[in-house]
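A.B. asks: Following this message is one structure expressed as structure tokens.
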There are 2 protein chains.
Amino acid sequence: MNAQALLQHLALSARFSATKMTKVDCFRSARLLVGLNCFEPGQEQKVHAHPGADKFYFVVSGKARFIVGAETHEASAGDLVLAPEGVPHGVERALERTIVLVGIAPPPPA
Amino acid sequence: MNAQALLQHLALSARFSATKMTKVDCFRSARLLVGLNCFEPGQEQKVHAHPGADKFYFVVSGKARFIVGAETHEASAGDLVLAPEGVPHGVERALERTIVLVGIAPPPPA
């Protein structure tokens with residue numbers, strides 16, 4: 001996939017691994033990172049935080065349990081999960097094969 | 001809807017108008033604007049540009065014809081359309097009732 005193609009069919013961009021959550025870049029600039037987090041059932045993303053950066057997750061397909069600050073939310077296709085600047089967040093566990101669109105501004109250091 | 005709720009079911013957030021495309025804010029900070037653009041069939045968003053701001057559209061549901069720079073793309077649910085800094089973009093026409101998740105970094109002046 002051309003990571004900067006102006007039209008991207010995300011179901012074709014998704015990549016999965018049997019061992020851990022897989023990240024795919026869709027767009028990256030100094031101001032904005034857009035990508036996919038792809039989970040097989042049972043996979044996780046450890047809780048972390050981005051100082052100075054706002055982030056969101058949008059569940060494209062599947063279902064997962066998200067942690068944001070002190071909250072835990074089960075989110076499925078069509079749900080938006082927000083992690084404002086500095087708020088710890090992660091994915092406790094994917095309940096199905098799950099594709100999440102992620103946006104971060106500004107991107108964390110590479 | 002609480003515009004800053006950390007979990008948002010976007011199908012419930014969408015708002016439509018018979019007269020023109022409707023915008024809904026989901027999250028707004030100095031670094032990132034996340035919202036919805038909601039189109040009835042036939043509605044449009046005029047071509048415009050955001051100097052210094054990167055933007056993406058993600059089609060949550062429906063189908064529409066997007067303009068990005070010199071390109072026109074028909075995009076439907078699951079498709080990502082990118083409008084990097086300064087590139088003129090818009091929606092020529094929604095072909096169905098369409099919900100688009102929009103992210104802009106940084107947000108344009110209010």
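Identifiers in this document derive from the order of the structure tokens: chains are assigned A, B, ..., residues are numbered from 1 separately in each chain, and ligands are numbered from 1 in order of occurrence.
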Within chain B, find each residue whose DSSP state, derived from the backbone, is alpha helix (DSSP H), and express the selection as a PyMOL selection string.
C.D. replies: chain B and resi 10-13
A.B. asks: Store the residues picked out above, limited to all heavy atoms, as a PDB file, in the first residue's frame.
C.D. replies:
```pdb
ATOM      1  N   LEU B  10     -21.218   6.684  17.419  1.00  0.00           N
ATOM      2  CA  LEU B  10     -21.389   7.734  16.404  1.00  0.00           C
ATOM      3  C   LEU B  10     -22.717   7.661  15.682  1.00  0.00           C
ATOM      4  O   LEU B  10     -23.240   8.694  15.245  1.00  0.00           O
ATOM      5  CB  LEU B  10     -20.228   7.698  15.413  1.00  0.00           C
ATOM      6  CG  LEU B  10     -18.870   8.023  16.039  1.00  0.00           C
ATOM      7  CD1 LEU B  10     -17.832   8.247  14.954  1.00  0.00           C
ATOM      8  CD2 LEU B  10     -18.933   9.237  16.954  1.00  0.00           C
ATOM      9  N   ALA B  11     -23.290   6.476  15.559  1.00  0.00           N
ATOM     10  CA  ALA B  11     -24.588   6.387  14.886  1.00  0.00           C
ATOM     11  C   ALA B  11     -25.650   7.169  15.673  1.00  0.00           C
ATOM     12  O   ALA B  11     -26.612   7.662  15.097  1.00  0.00           O
ATOM     13  CB  ALA B  11     -25.005   4.931  14.718  1.00  0.00           C
ATOM     14  N   LEU B  12     -25.437   7.296  16.991  1.00  0.00           N
ATOM     15  CA  LEU B  12     -26.367   8.066  17.817  1.00  0.00           C
ATOM     16  C   LEU B  12     -26.034   9.556  17.799  1.00  0.00           C
ATOM     17  O   LEU B  12     -26.887  10.389  18.111  1.00  0.00           O
ATOM     18  CB  LEU B  12     -26.338   7.566  19.267  1.00  0.00           C
ATOM     19  CG  LEU B  12     -26.662   6.094  19.480  1.00  0.00           C
ATOM     20  CD1 LEU B  12     -26.593   5.742  20.967  1.00  0.00           C
ATOM     21  CD2 LEU B  12     -28.057   5.782  18.940  1.00  0.00           C
ATOM     22  N   SER B  13     -24.798   9.904  17.473  1.00  0.00           N
ATOM     23  CA  SER B  13     -24.379  11.307  17.458  1.00  0.00           C
ATOM     24  C   SER B  13     -24.776  12.012  16.159  1.00  0.00           C
ATOM     25  O   SER B  13     -24.896  13.233  16.135  1.00  0.00           O
ATOM     26  CB  SER B  13     -22.851  11.404  17.592  1.00  0.00           C
ATOM     27  OG  SER B  13     -22.386  10.688  18.714  1.00  0.00           O
TER      28      SER B  13
END
```
A.B. asks: Residues of chain A within 6 Å of chain B: nearest atom pair and distance (Å, one decimal) for each, counting only C-alpha atoms, sorted by chain and number, as a tab-separated table?
C.D. replies:
```
residue	atom	partner	partner_atom	distance
A:Leu6	CA	B:Leu82	CA	4.8
A:Leu7	CA	B:Val81	CA	4.7
A:Gln8	CA	B:Leu80	CA	5.1
A:His9	CA	B:Asp79	CA	4.6
A:Leu10	CA	B:Asp79	CA	5.8
A:Gly78	CA	B:Leu10	CA	5.9
A:Asp79	CA	B:His9	CA	4.6
A:Leu80	CA	B:Gln8	CA	5.1
A:Val81	CA	B:Leu7	CA	4.7
A:Leu82	CA	B:Leu6	CA	4.8
```
A.B. asks: Please produce a file of those selected residues containing N, CA, C and O atoms, as a JSON list (two decimals), in the first residue's frame.
C.D. replies:
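Now in out-v6.json:
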```
[["chain", "number", "residue", "atom", "x", "y", "z"],
["A", 6, "LEU", "N", -4.32, 8.94, -1.48],
["A", 6, "LEU", "CA", -5.37, 9.82, -0.96],
["A", 6, "LEU", "C", -6.67, 9.08, -0.69],
["A", 6, "LEU", "O", -7.51, 9.58, 0.05],
["A", 7, "LEU", "N", -6.85, 7.91, -1.29],
["A", 7, "LEU", "CA", -7.99, 7.05, -0.99],
["A", 7, "LEU", "C", -7.47, 5.69, -0.56],
["A", 7, "LEU", "O", -6.68, 5.07, -1.29],
["A", 8, "GLN", "N", -7.87, 5.23, 0.61],
["A", 8, "GLN", "CA", -7.40, 3.95, 1.13],
["A", 8, "GLN", "C", -8.59, 3.14, 1.62],
["A", 8, "GLN", "O", -9.41, 3.63, 2.40],
["A", 9, "HIS", "N", -8.66, 1.88, 1.14],
["A", 9, "HIS", "CA", -9.71, 0.96, 1.59],
["A", 9, "HIS", "C", -9.14, 0.23, 2.81],
["A", 9, "HIS", "O", -8.30, -0.66, 2.67],
["A", 10, "LEU", "N", -9.60, 0.60, 3.99],
["A", 10, "LEU", "CA", -8.90, 0.15, 5.20],
["A", 10, "LEU", "C", -8.99, -1.36, 5.41],
["A", 10, "LEU", "O", -8.07, -1.95, 5.99],
["A", 78, "GLY", "N", -18.21, 1.32, 14.95],
["A", 78, "GLY", "CA", -18.97, 2.56, 14.97],
["A", 78, "GLY", "C", -18.75, 3.39, 16.22],
["A", 78, "GLY", "O", -19.30, 4.49, 16.32],
["A", 79, "ASP", "N", -17.96, 2.89, 17.15],
["A", 79, "ASP", "CA", -17.72, 3.63, 18.40],
["A", 79, "ASP", "C", -16.40, 4.40, 18.35],
["A", 79, "ASP", "O", -15.40, 3.91, 17.83],
["A", 80, "LEU", "N", -16.43, 5.58, 18.96],
["A", 80, "LEU", "CA", -15.27, 6.46, 19.07],
["A", 80, "LEU", "C", -14.82, 6.48, 20.53],
["A", 80, "LEU", "O", -15.64, 6.67, 21.43],
["A", 81, "VAL", "N", -13.53, 6.26, 20.75],
["A", 81, "VAL", "CA", -12.97, 6.31, 22.11],
["A", 81, "VAL", "C", -11.92, 7.42, 22.13],
["A", 81, "VAL", "O", -11.01, 7.42, 21.29],
["A", 82, "LEU", "N", -12.04, 8.35, 23.06],
["A", 82, "LEU", "CA", -11.14, 9.51, 23.12],
["A", 82, "LEU", "C", -10.13, 9.36, 24.24],
["A", 82, "LEU", "O", -10.48, 8.95, 25.35]]
```
A.B. asks: Looking only at the backbone, which of the residues in chain A does DSSP tag as strand (DSSP E), as number ranges by chain?
C.D. replies: A: 7-9, 22-28, 33-39, 45-48, 54-61, 63-68, 71-76, 79-83, 89-94, 98-105
A.B. asks: Find the spatial neighbours of Arg15 of chain A, counting only C-alpha atoms, within a cut-off of 12 Å - ignore same-chain residues fewer than 3 positions away - and output them as a ChimeraX atom specification.
C.D. replies: /A:1,10-12,18,20-25,35-40,97-100
A.B. asks: Just the residues within 8 Å of Pro88 of chain B, please, counting only C-alpha atoms, with nothing from its chain fewer than 2 positions along; format it as a count of residues only.
C.D. replies: 10
A.B. asks: Choose the residue, out of A:Pro41, A:Pro51, A:Val102, A:Arg93, that has the smallest atom-to-atom separation from Phe16 of chain A; count only C-alpha atoms.
C.D. replies: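 Closest to Phe16 of chain A, using only C-alpha atoms: A:Pro41.
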